[in-house]
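For reference, the structure discussed in these notes is given below.
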Amino acid sequence: MELHYHDYLQLDKILNAQFLESDKTGLSAHDEMLFIVIHQAYELWFKQLHHEVDSILHIMQKPALNDNSPELQTVVHRANRIATILRVLVHQVDILETMTPMDFLDFRDMLRPASGFQSWQFKQLEAKLGLKFENRYGHEYYLSQLRPEHISLIKKAESNKSLLELVDTWLERMPLAPPLDTSQSTSFWNEYRNRYQNSLADAEKDHLAMFDAIFFAVDREQSASLSPRACRAALFISLYRGYPLLQLPFQLLNGLLEIDEELSSWRYRHMNMVHRMIGTRIGTGGSSGKDYLKAAADKHYIFKEFARLNSFLIERRKLPTLSPELEKRLGFVGS
Ligand code: HEM
């Protein structure tokens with residue numbers, strides 16, 4: 001039999017998966033259909049996000065990802081797709097906001113104790129990207145609201161290598177950043193440190209100690225995800241991203257910041273919608289509602305250490321000149 005659109009997309013299942021609680025009770029609430037469909041649409045997009053993240057994790061886990069290979073291009077392309085999907089997810093809130101608080105009240109109590117908080121796909125996605133249990137806000141909600149089988153899925157993602165950890169390893173391996181040689185005053189990193197120091201305003205002088213802790217320490221800072229070596233590589237990529245070999249690595253780091261920013265925009269849009277919809281009442285999942293969401297939004301930035309590195313950039317015209325050998329290595333192969 002020929003493949004039919006209806007069967008290929010399993011529309012029987014998808015279009016027959018909307019069961020309104022308000023219909024069950026006979027208290028019809030028109031907007032409950034929108035509420036269900038929009039959540040289902042979100043969950044489908046979460047599924048697609050997992051598909052993209054899993055493929056990136058798979059590539060990044062390879063012991064020798066070649067920065068000059070098509071694989072890095074694939075990683076960057078998919079990271080950008082993730083950011084684009086997240087951008088659409090932020091805008092989808094517009095549709096839900098056509099529902100007024102009174103429309104929502106028509107069926108809200110029928111949903112208790114179900115809540116978006118129980119979206120295990122969302123929590124699993126955060127974990128795959130790099131959010132660790134100890135860094136989550138509200139452990140008690142997390143453990144009490146999710147089903148045991150969903151907690152295990154998220155725990156498994158937490159114990160596997162996350163994208164953040166894999167990027168740390170990839171940066172550590174990066175062969176192109178100049179080595180750290182603090183014994184030589186003319187070494188690249190000593191020179192960069194001097195120039196950074198000269199760029200600091202009086203009120204910023206204490207930043208030099210931070211610089212040393214992040215880039216020059218032997219071990220990574222306590223609870224830091226990025227090692228000093230990885231931080232140096234990431235900073236170097238940002239500073240000299242104009243060189244051909246550093247363009248894709250830069251796009252990857254930029255893509256991670258884009259993902260974090262879109263995720264954060266989603267959290268804030270969702271939080272503001274919740275505020276508008278239920279004021280300061282507690283959520284159907286039993287949390288403090290808006291206050292919980294605000295605290296989670298502030299705490300759950302995943303790639304914040306990359307954003308922090310941008311505090312240590314200096315003006316392009318003040319950058320140390322690279323040795324001719326290094327310049328050659330950063331150019332197109334064969335040039
Ligand atoms: C009328 C619309 C909505 C309201 C009033 C609302 C309300 C809330 C509240 C109060 C929470 C905190 C947990 C709780 O106590 O329940 C929450 C969490 C959450 N909601 Fe919504 N929500 C709405 C729509 C959505 C939509 C469309 C999605 C899309 C999937 C969603 C996904 C989530 C997620 C993932 C969380 C957990 C966030 C975290 O733990 O960081 N919500 N929601």
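Note on naming: chains are A, B, ... as they come in the structure tokens, residues start from 1 per chain, ligands start from 1 in the order shown.
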At most 6 Å is the cut-off: for each residue in range 178-238 of chain A with any atom that close to an atom of range 149-171 of chain A, write down the nearest atom pair and the distance in Å rounded to one decimal, counting only C-alpha atoms, chain first then increasing number, as CSV.
residue,atom,partner,partner_atom,distance
A:Leu226,CA,A:Asp168,CA,5.5
A:Ala230,CA,A:Leu171,CA,4.7
A:Ala233,CA,A:Leu171,CA,5.8
Contacts to ligand 1 at 7 Å cut-off (only C-alpha atoms and all ligand atoms) as a VMD selection string = chain A and resid 35 38 to 39 42 to 43 93 96 104 115 to 119 122 270 273 to 274 277 to 278 282 to 290 292 to 293 296 to 297
Give me, please, the distance in Å between CA of Leu34 in chain A and CA of Leu89 in chain A, quoted to one decimal.
-> 15.2 Å
Near-range 258-265 of chain A list (9 Å; only C-alpha atoms; drop same-chain fewer than 2 positions) as number ranges by chain | A: 79-80, 82-84, 86-87, 89-90, 253-256, 267-270, 297-298, 300-304
Write the residues of the selection above to a file with N, CA and C atoms, as a compact mmCIF listing (two decimals), in the first residue's frame.
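Below is the file that was written, selection-v8.txt:
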# COMPACT_ATOMS: atom_id res chain seq x y z
N ALA A 79 23.51 23.36 16.70
CA ALA A 79 23.39 24.26 17.86
C ALA A 79 22.59 25.49 17.45
N ASN A 80 22.82 25.97 16.23
CA ASN A 80 22.05 27.12 15.75
C ASN A 80 20.58 26.76 15.58
N ILE A 82 18.97 24.59 17.36
CA ILE A 82 18.40 24.55 18.72
C ILE A 82 18.00 25.97 19.15
N ALA A 83 18.90 26.92 18.90
CA ALA A 83 18.60 28.31 19.30
C ALA A 83 17.38 28.83 18.53
N THR A 84 17.27 28.44 17.25
CA THR A 84 16.13 28.92 16.45
C THR A 84 14.82 28.34 16.97
N LEU A 86 14.23 27.39 20.01
CA LEU A 86 13.94 28.03 21.29
C LEU A 86 13.33 29.42 21.08
N ARG A 87 13.82 30.11 20.06
CA ARG A 87 13.28 31.45 19.76
C ARG A 87 11.80 31.34 19.42
N LEU A 89 9.82 29.02 20.44
CA LEU A 89 9.12 28.64 21.69
C LEU A 89 8.84 29.86 22.56
N VAL A 90 9.75 30.83 22.51
CA VAL A 90 9.50 32.06 23.28
C VAL A 90 8.27 32.76 22.70
N LEU A 253 30.88 28.48 20.35
CA LEU A 253 30.79 29.15 21.66
C LEU A 253 29.68 30.20 21.64
N ASN A 254 29.57 30.89 20.53
CA ASN A 254 28.52 31.89 20.40
C ASN A 254 27.14 31.23 20.42
N GLY A 255 27.05 30.06 19.76
CA GLY A 255 25.79 29.31 19.74
C GLY A 255 25.35 28.90 21.14
N LEU A 256 26.32 28.53 21.99
CA LEU A 256 25.98 28.13 23.36
C LEU A 256 25.40 29.32 24.12
N ARG A 267 12.17 31.36 29.94
CA ARG A 267 11.83 31.31 31.36
C ARG A 267 11.18 32.62 31.80
N TYR A 268 11.71 33.76 31.33
CA TYR A 268 11.15 35.06 31.73
C TYR A 268 9.78 35.30 31.10
N ARG A 269 9.62 34.91 29.83
CA ARG A 269 8.30 35.08 29.19
C ARG A 269 7.27 34.23 29.92
N HIS A 270 7.66 32.99 30.21
CA HIS A 270 6.75 32.08 30.91
C HIS A 270 6.40 32.66 32.28
N ALA A 297 14.85 30.86 37.09
CA ALA A 297 15.37 31.57 35.91
C ALA A 297 16.73 32.18 36.22
N ASP A 298 16.87 32.73 37.42
CA ASP A 298 18.15 33.37 37.78
C ASP A 298 19.26 32.36 37.98
N HIS A 300 19.42 29.08 36.70
CA HIS A 300 19.60 27.97 35.75
C HIS A 300 20.31 28.33 34.44
N TYR A 301 21.09 29.41 34.45
CA TYR A 301 21.91 29.66 33.26
C TYR A 301 22.94 28.53 33.18
N ILE A 302 23.06 27.92 32.01
CA ILE A 302 23.94 26.75 31.90
C ILE A 302 25.35 27.13 31.42
N PHE A 303 25.41 28.08 30.50
CA PHE A 303 26.72 28.41 29.92
C PHE A 303 27.24 29.74 30.45
N LYS A 304 26.91 30.03 31.71
CA LYS A 304 27.25 31.36 32.25
C LYS A 304 28.76 31.58 32.36
Between CA of Ala234 in chain A and CA of Pro179 in chain A - distance in Å to one decimal =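 Distance reported for this atom pair: 13.2 Å.
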In range 63-275 of chain A, DSSP alpha helix (DSSP H) residues written as a PyMOL selection string = chain A and resi 70-96+101-105+108-111+120-129+139-145+148-159+163-173+188-199+207-211+228-239+244-275
In Å and to one decimal, CA of Leu309 in chain A is distant from CA of Thr74 in chain A by 24.8 Å
